[in-house]
Structure formats: C-alpha cells, structure tokens
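Asker: What follows is upload-v3.txt; its format and atoms are compact mmCIF, C-alpha atoms and all ligand atoms.
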```
# COMPACT_ATOMS: atom_id res chain seq x y z
CA ALA A 1499 2.20 -1.94 -5.70
CA LEU A 1500 3.18 -3.44 -2.38
CA THR A 1501 1.60 -6.52 -0.86
CA ILE A 1502 0.97 -7.82 2.66
CA THR A 1503 2.27 -11.29 3.49
CA ASP A 1504 0.70 -13.82 5.85
CA GLU A 1505 3.11 -12.65 8.56
CA CYS A 1506 0.68 -9.78 9.15
CA ILE A 1507 -0.43 -9.66 12.81
CA ASN A 1508 -3.47 -7.41 12.14
CA CYS A 1509 -2.04 -4.62 14.26
CA ASP A 1510 -4.06 -2.03 12.32
CA VAL A 1511 -1.19 0.48 12.06
CA CYS A 1512 -0.88 0.60 8.28
CA GLU A 1513 -4.52 1.03 7.30
CA PRO A 1514 -5.07 4.62 8.49
CA ALA A 1515 -1.63 5.64 7.21
CA CYS A 1516 -2.37 4.86 3.55
CA PRO A 1517 -3.03 8.07 1.61
CA ASN A 1518 -4.90 6.14 -1.09
CA GLY A 1519 -7.21 4.04 1.06
CA ALA A 1520 -5.65 0.99 -0.54
CA ILE A 1521 -5.44 -1.08 2.65
CA THR A 1522 -8.45 -2.92 4.04
CA MET A 1523 -9.08 -5.82 6.37
CA GLY A 1524 -9.43 -9.01 4.36
CA ILE A 1525 -10.78 -12.37 5.46
CA GLU A 1526 -7.83 -13.14 7.74
CA ILE A 1527 -5.28 -10.38 7.38
CA TYR A 1528 -4.99 -6.90 5.95
CA GLU A 1529 -4.81 -6.59 2.16
CA ILE A 1530 -3.60 -4.02 -0.36
CA ASP A 1531 -5.63 -3.21 -3.47
CA PRO A 1532 -2.98 -3.03 -6.21
CA GLY A 1533 -5.27 -0.76 -8.21
CA LYS A 1534 -5.01 1.87 -5.50
CA CYS A 1535 -1.46 1.43 -4.16
CA THR A 1536 0.93 3.96 -5.73
CA GLU A 1537 3.77 2.88 -3.40
CA CYS A 1538 2.97 6.31 -1.94
CA VAL A 1539 4.27 8.04 -5.09
CA GLY A 1540 2.65 11.48 -5.28
CA HIS A 1541 2.08 11.65 -1.53
CA PHE A 1542 5.27 10.68 0.30
CA ASP A 1543 8.91 9.84 -0.39
CA GLU A 1544 8.62 6.48 1.35
CA PRO A 1545 5.84 3.87 1.40
CA GLN A 1546 4.11 4.76 4.67
CA CYS A 1547 2.76 1.29 5.42
CA GLN A 1548 6.17 -0.31 4.90
CA MET A 1549 7.79 2.27 7.20
CA LEU A 1550 5.29 1.67 9.99
CA CYS A 1551 4.70 -2.08 9.89
CA PRO A 1552 6.19 -3.56 13.07
CA VAL A 1553 6.79 -7.00 11.55
CA GLU A 1554 8.04 -5.82 8.14
CA CYS A 1555 5.56 -7.92 6.19
CA ILE A 1556 4.89 -5.47 3.33
CA PRO A 1557 7.24 -6.20 0.40
CA LEU A 1558 6.96 -5.19 -3.24
CA ASP A 1559 4.27 -7.22 -4.98
CA PRO A 1560 6.07 -9.34 -7.61
CA LEU A 1561 2.79 -9.63 -9.53
CA HIS A 1562 2.42 -5.85 -9.77
CA VAL A 1563 5.83 -4.39 -10.59
CA GLU A 1564 5.41 -0.79 -11.77
CA SER A 1565 7.70 2.01 -12.87
CA ARG A 1566 7.68 5.36 -11.13
CA GLU A 1567 5.93 6.81 -14.20
CA THR A 1568 3.17 4.21 -14.01
CA LEU A 1569 2.75 4.87 -10.29
CA LEU A 1570 2.57 8.61 -10.89
CA ARG A 1571 -0.10 8.13 -13.56
CA LYS A 1572 -2.07 5.97 -11.12
CA TYR A 1573 -1.76 8.70 -8.48
CA GLU A 1574 -3.07 11.26 -10.97
CA ARG A 1575 -5.96 9.01 -11.94
CA LEU A 1576 -6.89 8.38 -8.30
CA THR A 1577 -6.75 12.03 -7.30
CA ALA A 1578 -8.69 13.15 -10.38
CA ALA A 1579 -11.46 10.71 -9.49
CA LYS A 1580 -11.98 12.30 -6.07
FE1 LIG B 1 -0.89 2.73 0.70
FE2 LIG B 1 1.51 3.75 0.27
FE3 LIG B 1 1.27 1.37 1.43
FE4 LIG B 1 0.66 1.60 -1.13
S1 LIG B 1 2.69 1.91 -0.21
S2 LIG B 1 -0.57 0.55 0.41
S3 LIG B 1 -0.18 3.67 -1.22
S4 LIG B 1 0.61 3.32 2.27
FE1 LIG B 2 -0.37 -6.19 9.19
FE2 LIG B 2 1.90 -4.79 9.12
FE3 LIG B 2 -0.43 -3.63 8.52
FE4 LIG B 2 0.12 -4.32 11.03
S1 LIG B 2 1.18 -2.75 9.83
S2 LIG B 2 -1.82 -4.66 9.96
S3 LIG B 2 1.27 -6.21 10.73
S4 LIG B 2 0.57 -5.27 7.39
```
Please lay out the structure from this file as structure tokens.
Answerer:
Amino acid sequence: ALTITDECINCDVCEPACPNGAITMGIEIYEIDPGKCTECVGHFDEPQCQMLCPVECIPLDPLHVESRETLLRKYERLTAAK
C-alpha cells in the first residue's frame, strides 16, 4: 500500500482518482486505507494518486510492504466483494 504524509495540502485531487475508494479525508489530511490500496495493481500500470499528487507526498507505506502477487490477490478480493 501507499501512504499519505503530513505534507498533504488537502488539494482533493487523489481521492476521486483512486479506483478502490481507498482514499478518504481524515481528521487533518487525506488518508489511505491499506486494506483497500492495491497500489493500483489490477486497474492501472501506475499508482494514480502518486502520479497526480502535486506535492509528491504519497510514498510506499513501509508498514505495508506487499508483493505484486499479494496486491493482485487484494484486487481480486475487493472486486469480488462488489
Ligand atoms: Fe488508490 Fe491506487 Fe493510490 Fe492505492 S495507489 S490509494 S489504489 S490510487
Ligand atoms: Fe494530499 Fe496529494 Fe491527495 Fe492532494 S493529491 S489531497 S496533496 S495526498
């Protein structure tokens, strides 16, 4: 999963771009739900939020490092649940 750092300026660009609905407004800044972020695997070649963020504050989450296989399984789980 990716994560949003406190450099976030709440510009609102990333939230609608997430194919998994993993981004929501938190108490002060936007947040990513690691249970829903597939790093865009299954939907796009590149993480959409990371591509669009104007201040580049969306790095890989060191607490949620996942292989492509794991991300793909998450994608399959999320789409099956819909
Ligand atoms: Fe959503 Fe993709 Fe960003 Fe993860 S990397 S939060 S799935 S847009
Ligand atoms: Fe914050 Fe970047 Fe998302 Fe804008 S695009 S709300 S700065 S994380």
Asker: Taking all atoms listed in the file into account, which residues are within 9 Å of ligand LIG 1 (chain B), as an mmCIF file with C-alpha atoms, keeping the file's coordinate frame?
Answerer:
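As written to disk, result.cif reads:
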```cif
data_model
loop_
_atom_site.group_PDB
_atom_site.id
_atom_site.type_symbol
_atom_site.label_atom_id
_atom_site.label_comp_id
_atom_site.auth_asym_id
_atom_site.auth_seq_id
_atom_site.Cartn_x
_atom_site.Cartn_y
_atom_site.Cartn_z
ATOM 1 C CA ALA A 1499 2.200 -1.940 -5.700
ATOM 2 C CA LEU A 1500 3.180 -3.440 -2.380
ATOM 3 C CA THR A 1501 1.600 -6.520 -0.860
ATOM 4 C CA ILE A 1502 0.970 -7.820 2.660
ATOM 5 C CA CYS A 1512 -0.880 0.600 8.280
ATOM 6 C CA GLU A 1513 -4.520 1.030 7.300
ATOM 7 C CA PRO A 1514 -5.070 4.620 8.490
ATOM 8 C CA ALA A 1515 -1.630 5.640 7.210
ATOM 9 C CA CYS A 1516 -2.370 4.860 3.550
ATOM 10 C CA PRO A 1517 -3.030 8.070 1.610
ATOM 11 C CA ASN A 1518 -4.900 6.140 -1.090
ATOM 12 C CA GLY A 1519 -7.210 4.040 1.060
ATOM 13 C CA ALA A 1520 -5.650 0.990 -0.540
ATOM 14 C CA ILE A 1521 -5.440 -1.080 2.650
ATOM 15 C CA GLU A 1529 -4.810 -6.590 2.160
ATOM 16 C CA ILE A 1530 -3.600 -4.020 -0.360
ATOM 17 C CA ASP A 1531 -5.630 -3.210 -3.470
ATOM 18 C CA PRO A 1532 -2.980 -3.030 -6.210
ATOM 19 C CA LYS A 1534 -5.010 1.870 -5.500
ATOM 20 C CA CYS A 1535 -1.460 1.430 -4.160
ATOM 21 C CA THR A 1536 0.930 3.960 -5.730
ATOM 22 C CA GLU A 1537 3.770 2.880 -3.400
ATOM 23 C CA CYS A 1538 2.970 6.310 -1.940
ATOM 24 C CA VAL A 1539 4.270 8.040 -5.090
ATOM 25 C CA HIS A 1541 2.080 11.650 -1.530
ATOM 26 C CA PHE A 1542 5.270 10.680 0.300
ATOM 27 C CA GLU A 1544 8.620 6.480 1.350
ATOM 28 C CA PRO A 1545 5.840 3.870 1.400
ATOM 29 C CA GLN A 1546 4.110 4.760 4.670
ATOM 30 C CA CYS A 1547 2.760 1.290 5.420
ATOM 31 C CA GLN A 1548 6.170 -0.310 4.900
ATOM 32 C CA MET A 1549 7.790 2.270 7.200
ATOM 33 C CA ILE A 1556 4.890 -5.470 3.330
ATOM 34 C CA LEU A 1558 6.960 -5.190 -3.240
ATOM 35 C CA TYR A 1573 -1.760 8.700 -8.480
#
```
Asker: How many Å separate atom CA of Val1563 of chain A from atom CA of Thr1503 of chain A?
Answerer: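 Computing it gives 16.1 Å between the two atoms.
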Asker: For the contact check between chain A and ligand LIG 2 (chain B), emit one row per residue of chain A within 6 Å, containing the shortest atom pair and the distance in Å rounded to one decimal, counting all atoms listed in the file, chain then rising number order, as JSON lines.
Answerer:
```
{"residue": "A:Ile1502", "atom": "CA", "partner": "B:LIG2", "partner_atom": "S4", "distance": 5.4}
{"residue": "A:Cys1506", "atom": "CA", "partner": "B:LIG2", "partner_atom": "FE1", "distance": 3.7}
{"residue": "A:Ile1507", "atom": "CA", "partner": "B:LIG2", "partner_atom": "S3", "distance": 4.4}
{"residue": "A:Asn1508", "atom": "CA", "partner": "B:LIG2", "partner_atom": "S2", "distance": 3.9}
{"residue": "A:Cys1509", "atom": "CA", "partner": "B:LIG2", "partner_atom": "FE4", "distance": 3.9}
{"residue": "A:Asp1510", "atom": "CA", "partner": "B:LIG2", "partner_atom": "S2", "distance": 4.2}
{"residue": "A:Val1511", "atom": "CA", "partner": "B:LIG2", "partner_atom": "S1", "distance": 4.6}
{"residue": "A:Cys1512", "atom": "CA", "partner": "B:LIG2", "partner_atom": "S1", "distance": 4.2}
{"residue": "A:Tyr1528", "atom": "CA", "partner": "B:LIG2", "partner_atom": "S2", "distance": 5.6}
{"residue": "A:Cys1551", "atom": "CA", "partner": "B:LIG2", "partner_atom": "S1", "distance": 3.6}
{"residue": "A:Pro1552", "atom": "CA", "partner": "B:LIG2", "partner_atom": "FE2", "distance": 6.0}
{"residue": "A:Val1553", "atom": "CA", "partner": "B:LIG2", "partner_atom": "S3", "distance": 5.6}
{"residue": "A:Cys1555", "atom": "CA", "partner": "B:LIG2", "partner_atom": "FE2", "distance": 5.6}
{"residue": "A:Ile1556", "atom": "CA", "partner": "B:LIG2", "partner_atom": "S4", "distance": 5.9}
```
Asker: Measure the distance from atom CA of Ala1578 of chain A to atom CA of Gly1533 of chain A in Å and round it to one decimal.
Answerer: 14.5 Å
Asker: Around all the atoms of segment 1531-1535 of chain A listed in the file, draw an axis-aligned box and extend it by 5 Å on each of the six sides; I want its centre and edge lengths in Å to one decimal, as AutoDock Vina command-line options.
Answerer:
```
--center_x -3.5 --center_y -0.7 --center_z -5.8 --size_x 14.2 --size_y 15.1 --size_z 14.7
```
Asker: Considering all atoms listed in the file, state which residue in the set A:Ile1527, A:Thr1577, A:Arg1566, A:Pro1557 is at the smallest distance from Asp1543 of chain A.
Answerer: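 Once distances to Asp1543 of chain A are computed over all atoms listed in the file, the minimum belongs to A:Arg1566.
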Asker: Please report the interatomic distance between atom CA of Lys1572 of chain A and atom CA of Gly1540 of chain A in Å with one decimal.
Answerer: 9.3 Å
